[in-house]
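Notes for the one structure printed next.
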Amino acid sequence: MIPQPQVRHDQAPVTESDLLLQVRDLRTYFRLDEGMLKAVDGISFNVYRNRVLGMVGESGCGKSVTAQSILQIVPKPGVVQGEMLWHRDGQTVDIGGLDPESEEMRAIRGNEIAMIFQEPMTAFSPVHTVGNQLMEAYFVHGKLDEAEARARAVELLDLVGIPAADRRVDEYTFQLSGGMRQRAMIAMAMMNRPRMLIADEPTTALDVTIQAQILRLIRRLQAETGAAVLFISHNLGAVANLANDVAVMYRGKIVEFGTVRQVLKNPQHPYTVALLQSIPGFGYRRGDRLQSIRGSVGVPIDPPDECPFRGRCDRFDPALCGGSMPASVEVEPGHQVACVLYEARS
Amino acid sequence: MINYLIRRLGTTLITVLVLSYTIFAIVQIPPGDAVDRQVRLRQTQGDVVTREEIETLRAQYGLDRPILVRYYQWIRGFLVGDLGRSTSGRRVNDLIAERLPQTVALAVAGLIITYAIGIPVGIYSATHQYSAGDYIANSISFIGMSVPGFLIGIILLYLFYKWFGLSIGGFFSVEYKSAPWSWARLQDLINHLWVPLFVVAVGSTGGLIRTMRATLLDELSKQYVMTARAKGVPMRKLLLKYPVRLALNPIIASIGHIFPYLLSGQVVIAIVLNLPVLGPLLNTALTNEDIALSSSILLIQSLLAVFGTVVSDVLLAVLDPRIRFERGAH
């Protein structure tokens, strides 16, 4: 029995003019002594203004590296290849072709695309005040008015729900609780009114009641600013709540893509099905066993050209699954699945 | 912050008190005393030393009284600035005053050089990990750490004499040794100073490069670095504001042990290079069982070391709000 997550219904129609970021065949590889680690291996997706794209998958599937690749802040020795067309006011920049240290890239980072990280405990410097770190986001993008920066920092801290923001702005991050720090992080990301917000597991390190508050906050800010959001999470409930579209990642590849309704109510890829079966939900009765996916994701070092999920798949069929990585097949309009079960049918 | 300072100074006072007694007691542990030495010396020269003479000598040096009384007298004298008399007959104050300024100057200059070289090279090494420059810095710091300073001193002495016919021992050339201060004498001092400085600082610099590299590499992989990058902060600015700043904390904490290392590590080097600093004086004082002199030198060195620790602790509290709030605010 598959639990039925609640799905948001405000699905505005997508138009070409809302297209903000086109990622085409993104590959982020790390050359290690053990071989080539293909953390992200040829993924493509679009990000639209005023829409939330959820990205799900187990830990180690390449979700965070995807986020870091968009900002060109992948740690050494990662190398980002592929096209990332960033559209702004009739102008198009290929982020994939920019030097990570170039002025052009820096002008996008934290200004047009901002990011919220997973670990609010360690994501701030412990020896600088909250205000110092918020205002820095303002200063490095050429806005130099000290009073204005401070006013903006206080305004945002207040907006994200930090009480006594005008006092908190001068405190150190270790004086704030985990939830407060995550709010401060969101405020920091909003300093320059970004067009796109990347939230990399923003609620994973928080307890459940705080998680819900943070999700509501992100949804509210997204609705108010009309920004695009790339929401990375392994919490399917949060994704169902927040996202319009969902990309399911497995071992550096997108194995299923569609609207939230399509992917979560009508999952096609065996991996998505297994993921959904492994969340406890209302459908379970006392004594029912919670499903899990046997094995683990594994590290994609020099991965062979085959379906990455075949080793753990319940529907593995030696006759069908022997070949190379199955191509994405559209099973219904906008709903794509990369599995040999559907490839064979079409 | 004030509370923190007061508490810190209080513990320092207790430390110094315990330290002073320990020094005084340890110096006297070896069997025999200064009088025994004198008697033996005179006996080898054929003199006959009577029992009364020995007793008089003992009373003269105060060796006939119990150790606690002697400690009290010594420490009381120390507090009012009278360090007593050396067995050589000279006042300990004069003996130390001749050498203390050079000693402290050499240690402080050594400390400055250690930091001036160690920190930038360590930063370069960490930010250019596994580059040719990193390998070179690593090799040099390993050599600096593992080859004893006095050996480097001997090698330099030999090479300078062989290649340039120069004698680089001591602080002054023969003609300036007892000349009054002048520009030429200062110039001579500077010419002589850099070799002992190099020898004294090479070991601690090597160690500092290693520490700086390791702590900075550690900081560079922390999440806050990526957060700052994601904000669009330029790499160089980011480096200095966040990871270097945090990596400096353990370095500042190390002032407390590098400074005494520079003070006492000088002994053998100073003997080899014939430097008029406290180290060689301490060495002779200890072999002569000159209690007043040796315990005074040891106590002064310990005081300087404790002072270095206090300075580094206060600096840490100023630089790191976590320490300030944890220990001072409440």
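Labeling convention for the structure tokens: chains A, B, ... as they appear, residues from 1 per chain, ligands from 1 in order of appearance.
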Report the closest atom pair, with its distance in Å rounded to one decimal, for each residue of chain A that has an atom no farther than 9 Å from chain B; count only C-alpha atoms, sort by chain and then rising residue number, and write it as CSV.
residue,atom,partner,partner_atom,distance
A:Gln68,CA,B:Ala230,CA,8.5
A:Leu71,CA,B:Ala230,CA,6.9
A:Gln72,CA,B:Ala230,CA,8.7
A:Ile73,CA,B:Arg229,CA,6.9
A:Val74,CA,B:Met226,CA,8.9
A:Pro75,CA,B:Ser221,CA,8.5
A:Glu101,CA,B:Met235,CA,7.5
A:Glu103,CA,B:Pro234,CA,8.6
A:Met105,CA,B:Gly232,CA,8.2
A:Arg106,CA,B:Gly232,CA,4.8
A:Ala107,CA,B:Gly232,CA,6.8
A:Ile108,CA,B:Gly232,CA,7.6
A:Arg109,CA,B:Gly232,CA,4.9
A:Gly110,CA,B:Lys231,CA,3.9
A:Asn111,CA,B:Lys231,CA,7.2
A:Ile113,CA,B:Ala230,CA,8.7
A:Ala114,CA,B:Ala230,CA,6.8
A:Met115,CA,B:Ala230,CA,6.5
A:Ile116,CA,B:Thr227,CA,8.1
A:Phe117,CA,B:Thr227,CA,7.4
A:Glu119,CA,B:Gln223,CA,7.7
A:Thr122,CA,B:Gln223,CA,5.8
A:Ala123,CA,B:Tyr224,CA,4.2
A:Phe124,CA,B:Tyr224,CA,5.0
A:Ser125,CA,B:Tyr224,CA,5.6
A:Pro126,CA,B:Arg322,CA,7.4
A:Val127,CA,B:Asp320,CA,5.8
A:His128,CA,B:Pro321,CA,8.3
A:Gln133,CA,B:Ala228,CA,8.4
A:Glu136,CA,B:Val233,CA,8.0
A:Ala137,CA,B:Lys231,CA,5.5
A:Tyr138,CA,B:Lys231,CA,8.9
A:Val140,CA,B:Val233,CA,5.9
A:His141,CA,B:Gly232,CA,7.5
A:Tyr172,CA,B:Pro321,CA,7.8
A:Phe174,CA,B:Arg322,CA,7.7
A:Met188,CA,B:Lys231,CA,8.5
A:Ala189,CA,B:Lys231,CA,7.6
Selected residues, N, CA and C atoms, written as a CSV table (one decimal), in the first residue's frame, please.
chain,number,residue,atom,x,y,z
A,68,GLN,N,25.5,22.4,-6.2
A,68,GLN,CA,26.8,23.1,-6.2
A,68,GLN,C,27.3,23.4,-7.6
A,71,LEU,N,25.9,26.6,-9.0
A,71,LEU,CA,26.6,27.8,-8.5
A,71,LEU,C,28.1,27.8,-8.8
A,72,GLN,N,28.6,26.7,-9.4
A,72,GLN,CA,30.0,26.5,-9.7
A,72,GLN,C,30.8,26.6,-8.4
A,73,ILE,N,30.3,25.9,-7.4
A,73,ILE,CA,31.1,25.9,-6.1
A,73,ILE,C,31.4,24.4,-5.7
A,74,VAL,N,31.5,23.6,-6.7
A,74,VAL,CA,31.9,22.2,-6.4
A,74,VAL,C,33.2,22.1,-5.8
A,75,PRO,N,33.4,21.3,-4.7
A,75,PRO,CA,34.7,21.2,-4.1
A,75,PRO,C,35.7,20.5,-5.0
A,101,GLU,N,35.8,31.2,-10.8
A,101,GLU,CA,36.3,32.4,-10.1
A,101,GLU,C,36.1,33.7,-10.8
A,103,GLU,N,34.4,37.1,-12.4
A,103,GLU,CA,33.5,38.1,-11.9
A,103,GLU,C,32.0,37.8,-12.3
A,105,MET,N,30.6,35.0,-12.9
A,105,MET,CA,30.0,33.9,-12.1
A,105,MET,C,29.7,34.4,-10.7
A,106,ARG,N,30.6,35.2,-10.1
A,106,ARG,CA,30.4,35.8,-8.8
A,106,ARG,C,29.2,36.7,-8.7
A,107,ALA,N,28.9,37.3,-9.8
A,107,ALA,CA,27.8,38.3,-9.9
A,107,ALA,C,26.5,37.5,-9.8
A,108,ILE,N,26.5,36.2,-10.3
A,108,ILE,CA,25.3,35.4,-10.3
A,108,ILE,C,25.1,34.8,-8.9
A,109,ARG,N,26.2,34.3,-8.4
A,109,ARG,CA,26.3,33.6,-7.1
A,109,ARG,C,25.8,34.5,-5.9
A,110,GLY,N,24.8,34.1,-5.2
A,110,GLY,CA,24.4,34.8,-4.0
A,110,GLY,C,23.6,36.1,-4.4
A,111,ASN,N,23.6,36.4,-5.7
A,111,ASN,CA,22.9,37.6,-6.1
A,111,ASN,C,21.6,37.3,-6.9
A,113,ILE,N,21.2,33.8,-8.0
A,113,ILE,CA,20.9,32.5,-7.5
A,113,ILE,C,21.5,32.4,-6.1
A,114,ALA,N,20.6,32.2,-5.1
A,114,ALA,CA,21.1,32.1,-3.7
A,114,ALA,C,20.9,30.6,-3.2
A,115,MET,N,21.6,30.3,-2.2
A,115,MET,CA,21.5,28.9,-1.7
A,115,MET,C,21.3,28.8,-0.2
A,116,ILE,N,20.5,27.9,0.2
A,116,ILE,CA,20.3,27.6,1.6
A,116,ILE,C,20.9,26.2,1.9
A,117,PHE,N,21.7,26.1,2.9
A,117,PHE,CA,22.4,24.8,3.2
A,117,PHE,C,21.7,23.9,4.2
A,119,GLU,N,23.2,22.3,6.9
A,119,GLU,CA,23.6,22.3,8.3
A,119,GLU,C,23.7,23.7,8.9
A,122,THR,N,26.8,24.5,11.2
A,122,THR,CA,28.2,24.7,10.8
A,122,THR,C,28.3,25.7,9.6
A,123,ALA,N,27.1,26.1,9.0
A,123,ALA,CA,27.1,26.9,7.8
A,123,ALA,C,27.5,28.3,8.0
A,124,PHE,N,27.5,28.7,9.3
A,124,PHE,CA,27.9,30.1,9.6
A,124,PHE,C,29.2,30.1,10.2
A,125,SER,N,30.0,31.2,10.1
A,125,SER,CA,31.2,31.3,10.8
A,125,SER,C,30.9,31.6,12.2
A,126,PRO,N,31.6,30.9,13.2
A,126,PRO,CA,31.3,31.2,14.6
A,126,PRO,C,31.9,32.4,15.2
A,127,VAL,N,32.8,33.1,14.4
A,127,VAL,CA,33.5,34.2,15.0
A,127,VAL,C,33.0,35.6,14.4
A,128,HIS,N,32.0,35.5,13.5
A,128,HIS,CA,31.4,36.8,13.0
A,128,HIS,C,29.9,36.8,13.4
A,133,GLN,N,27.6,38.6,8.6
A,133,GLN,CA,27.5,37.7,7.5
A,133,GLN,C,26.3,37.9,6.6
A,136,GLU,N,27.4,41.0,4.5
A,136,GLU,CA,28.4,40.7,3.5
A,136,GLU,C,27.8,40.3,2.2
A,137,ALA,N,26.7,39.6,2.2
A,137,ALA,CA,26.0,39.2,1.0
A,137,ALA,C,25.7,40.4,0.1
A,138,TYR,N,25.4,41.5,0.8
A,138,TYR,CA,25.0,42.8,0.2
A,138,TYR,C,26.2,43.5,-0.3
A,140,VAL,N,29.3,42.4,-1.1
A,140,VAL,CA,30.1,41.8,-2.2
A,140,VAL,C,29.4,41.9,-3.5
A,141,HIS,N,28.2,42.4,-3.6
A,141,HIS,CA,27.6,42.6,-4.9
A,141,HIS,C,27.4,44.1,-5.2
A,172,TYR,N,26.1,36.4,17.9
A,172,TYR,CA,26.8,35.4,17.1
A,172,TYR,C,25.9,34.2,16.9
A,174,PHE,N,26.3,31.1,17.3
A,174,PHE,CA,26.2,30.1,18.4
A,174,PHE,C,25.2,30.5,19.5
A,188,MET,N,19.7,35.4,4.9
A,188,MET,CA,20.9,35.7,4.2
A,188,MET,C,20.8,35.4,2.7
A,189,ALA,N,20.1,34.3,2.3
A,189,ALA,CA,19.9,34.0,0.9
A,189,ALA,C,19.0,35.1,0.2
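Omitting range 18-31 of chain B and its sequence neighbours fewer than 3 positions away, and counting only C-alpha atoms, the residues within 8 Å are Ile14, Thr15, Ile67, Tyr71, Ile75, Leu286, Glu289, Ile291, Ser294, Ser295, Leu298, Leu299 and Ser302 of chain B.
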When you look at Leu290 in chain A with a cut-off of 8 Å (counting only C-alpha atoms), what residues show up, excluding the ones that are within fewer than 2 positions of it in the same chain? I need them as a list in words. Gln277, Ser278, Ile279, Pro280, Asp288 and Ser292 of chain A
Please dump the current selection as a PDB file, in the first residue's frame; keep N, CA and C atoms.
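New file part15.pdb:
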ATOM      1  N   GLN A 277       7.275   3.545  -1.010  1.00  0.00           N
ATOM      2  CA  GLN A 277       6.857   2.475  -0.096  1.00  0.00           C
ATOM      3  C   GLN A 277       7.632   2.520   1.216  1.00  0.00           C
ATOM      4  N   SER A 278       8.753   3.205   1.209  1.00  0.00           N
ATOM      5  CA  SER A 278       9.561   3.196   2.424  1.00  0.00           C
ATOM      6  C   SER A 278       9.253   4.351   3.372  1.00  0.00           C
ATOM      7  N   ILE A 279       8.181   5.158   3.055  1.00  0.00           N
ATOM      8  CA  ILE A 279       7.805   6.171   4.049  1.00  0.00           C
ATOM      9  C   ILE A 279       6.638   5.639   4.877  1.00  0.00           C
ATOM     10  N   PRO A 280       6.731   5.815   6.196  1.00  0.00           N
ATOM     11  CA  PRO A 280       5.578   5.437   7.011  1.00  0.00           C
ATOM     12  C   PRO A 280       4.446   6.432   6.772  1.00  0.00           C
ATOM     13  N   ASP A 288       2.051  -3.790  10.505  1.00  0.00           N
ATOM     14  CA  ASP A 288       2.530  -3.812   9.116  1.00  0.00           C
ATOM     15  C   ASP A 288       4.022  -3.538   9.101  1.00  0.00           C
ATOM     16  N   SER A 292      11.641  -1.390   2.968  1.00  0.00           N
ATOM     17  CA  SER A 292      12.901  -0.679   2.758  1.00  0.00           C
ATOM     18  C   SER A 292      13.496  -1.181   1.447  1.00  0.00           C
TER      19      SER A 292
END
What are the DSSP alpha helix (DSSP H) residues of range 118-317 of chain A, as a PyMOL selection string? chain A and resi 130-139+146-159+165-168+178-189+208-225+236-242+260+270-277
Spatial neighbours of Asp18 in chain A, 12 Å, only C-alpha atoms, chain gap at least 4 places, as a list in words: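 Contacts, with the query itself left out: Ala12, Pro13, Val14, Gln22, Asn46, Val47, Tyr48, Arg49, Asn50, Arg51, Trp86, His87, Arg88, Asp89, Gly90, Arg195, Met196, Gly226, Ala227 and Ala228 of chain A.
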Residues within 6 Å of Gly258 in chain A, please, as a compact mmCIF listing (two decimals) with N, CA and C atoms, in the first residue's frame. Count only C-alpha atoms; anything in the same chain fewer than 2 positions from it doesn't count.
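Contents of out-v2.txt, as written:
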# COMPACT_ATOMS: atom_id res chain seq x y z
N ASP A 245 6.98 20.36 -9.52
CA ASP A 245 7.53 19.25 -10.31
C ASP A 245 8.53 18.48 -9.46
N VAL A 246 8.74 17.23 -9.85
CA VAL A 246 9.67 16.41 -9.09
C VAL A 246 10.64 15.70 -10.03
N GLN A 262 1.90 13.51 -10.87
CA GLN A 262 2.29 12.37 -11.71
C GLN A 262 3.27 11.45 -10.98
N VAL A 263 4.29 12.05 -10.40
CA VAL A 263 5.36 11.22 -9.84
C VAL A 263 4.94 10.57 -8.52
N GLY A 334 4.60 15.10 -20.15
CA GLY A 334 5.38 15.71 -19.08
C GLY A 334 5.92 14.72 -18.07
N HIS A 335 5.62 13.46 -18.21
CA HIS A 335 6.04 12.46 -17.23
C HIS A 335 7.04 11.50 -17.88
Using only C-alpha atoms, find the one residue out of B:Tyr115, B:Tyr158, B:Trp163, B:Trp183 that sits nearest to Gly207 in chain B.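 For Gly207 in chain B, the nearest of the candidates is B:Tyr115.
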Env of Ile54 in chain B: 12 Å cut, atoms = only C-alpha atoms, seq-sep filter 2 positions within chain, self excluded. Answer as a list in words.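 Contacts, with the query itself left out: Asp33, Ala34, Val35, Asp36, Arg37, Gln38, Val39, Arg40, Arg42, Val48, Val49, Thr50, Arg51, Glu52, Thr56, Leu57, Arg58, Ala59, Gln60, Tyr61, Leu63 and Asp64 of chain B.
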File dump, residues just selected, N, CA and C atoms, as an mmCIF file, in the first residue's frame:
data_model
loop_
_atom_site.group_PDB
_atom_site.id
_atom_site.type_symbol
_atom_site.label_atom_id
_atom_site.label_comp_id
_atom_site.auth_asym_id
_atom_site.auth_seq_id
_atom_site.Cartn_x
_atom_site.Cartn_y
_atom_site.Cartn_z
ATOM 1 N N ASP B 33 76.616 20.278 47.641
ATOM 2 C CA ASP B 33 76.249 21.660 47.373
ATOM 3 C C ASP B 33 77.489 22.452 46.975
ATOM 4 N N ALA B 34 77.343 23.754 46.851
ATOM 5 C CA ALA B 34 78.435 24.609 46.373
ATOM 6 C C ALA B 34 79.657 24.532 47.294
ATOM 7 N N VAL B 35 79.407 24.412 48.607
ATOM 8 C CA VAL B 35 80.520 24.353 49.563
ATOM 9 C C VAL B 35 81.332 23.075 49.347
ATOM 10 N N ASP B 36 80.623 21.930 49.184
ATOM 11 C CA ASP B 36 81.320 20.672 48.904
ATOM 12 C C ASP B 36 82.251 20.825 47.709
ATOM 13 N N ARG B 37 81.764 21.459 46.667
ATOM 14 C CA ARG B 37 82.564 21.661 45.463
ATOM 15 C C ARG B 37 83.841 22.455 45.756
ATOM 16 N N GLN B 38 83.629 23.559 46.504
ATOM 17 C CA GLN B 38 84.787 24.403 46.826
ATOM 18 C C GLN B 38 85.829 23.632 47.644
ATOM 19 N N VAL B 39 85.298 22.869 48.629
ATOM 20 C CA VAL B 39 86.197 22.102 49.497
ATOM 21 C C VAL B 39 86.985 21.099 48.656
ATOM 22 N N ARG B 40 86.265 20.367 47.784
ATOM 23 C CA ARG B 40 86.932 19.370 46.944
ATOM 24 C C ARG B 40 88.010 20.018 46.073
ATOM 25 N N ARG B 42 89.645 22.786 46.652
ATOM 26 C CA ARG B 42 90.807 23.203 47.430
ATOM 27 C C ARG B 42 91.640 21.990 47.869
ATOM 28 N N VAL B 48 94.356 22.118 53.185
ATOM 29 C CA VAL B 48 93.653 21.400 54.243
ATOM 30 C C VAL B 48 92.487 22.277 54.682
ATOM 31 N N VAL B 49 91.270 21.724 54.623
ATOM 32 C CA VAL B 49 90.095 22.488 54.993
ATOM 33 C C VAL B 49 89.563 21.962 56.314
ATOM 34 N N THR B 50 89.480 22.845 57.284
ATOM 35 C CA THR B 50 89.033 22.404 58.603
ATOM 36 C C THR B 50 87.511 22.370 58.665
ATOM 37 N N ARG B 51 86.989 21.597 59.627
ATOM 38 C CA ARG B 51 85.561 21.485 59.849
ATOM 39 C C ARG B 51 84.941 22.858 60.110
ATOM 40 N N GLU B 52 85.648 23.700 60.917
ATOM 41 C CA GLU B 52 85.115 25.030 61.240
ATOM 42 C C GLU B 52 84.971 25.883 59.981
ATOM 43 N N THR B 56 81.643 27.660 58.542
ATOM 44 C CA THR B 56 81.563 29.097 58.280
ATOM 45 C C THR B 56 81.071 29.363 56.855
ATOM 46 N N LEU B 57 81.669 28.601 55.906
ATOM 47 C CA LEU B 57 81.247 28.775 54.513
ATOM 48 C C LEU B 57 79.749 28.499 54.359
ATOM 49 N N ARG B 58 79.307 27.371 54.974
ATOM 50 C CA ARG B 58 77.887 26.980 54.912
ATOM 51 C C ARG B 58 77.011 28.128 55.428
ATOM 52 N N ALA B 59 77.421 28.665 56.597
ATOM 53 C CA ALA B 59 76.632 29.735 57.208
ATOM 54 C C ALA B 59 76.624 30.970 56.308
ATOM 55 N N GLN B 60 77.759 31.206 55.664
ATOM 56 C CA GLN B 60 77.884 32.373 54.791
ATOM 57 C C GLN B 60 76.898 32.295 53.629
ATOM 58 N N TYR B 61 76.761 31.106 53.012
ATOM 59 C CA TYR B 61 75.801 30.924 51.909
ATOM 60 C C TYR B 61 74.391 30.642 52.420
ATOM 61 N N LEU B 63 73.477 27.892 53.824
ATOM 62 C CA LEU B 63 73.113 26.503 53.542
ATOM 63 C C LEU B 63 72.823 25.698 54.806
ATOM 64 N N ASP B 64 73.075 26.302 55.988
ATOM 65 C CA ASP B 64 72.855 25.558 57.227
ATOM 66 C C ASP B 64 71.395 25.621 57.696
#
Would you kindly return, as a list in words, each protein, DNA or RNA residue with an atom no farther than 6 Å from any atom of range 249-257 of chain A, considering only C-alpha atoms and excluding same-chain residues fewer than 5 positions away?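 Contacts, with the query itself left out: Ala39, Val40, Asp41, Ile43, Gly57, Cys61, Gly62, His335, Gln336, Val337 and Ala338 of chain A.
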Please determine, counting only C-alpha atoms, which residue among A:Arg310, A:Arg150, A:Pro326, A:Leu134 has the shortest atom-to-atom distance to Met185 in chain A.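 Residue with the minimum atom-to-atom distance to Met185 in chain A: A:Leu134.
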Nearest to Gly122 in chain B by atom-to-atom distance, counting only C-alpha atoms, from B:Leu186, B:Leu17, B:Ala247, B:Val268: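 For Gly122 in chain B, the nearest of the given residues is B:Ala247.
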How far is it from CA of Val65 in chain A to CA of Phe309 in chain A, in Å with one decimal? 19.3 Å
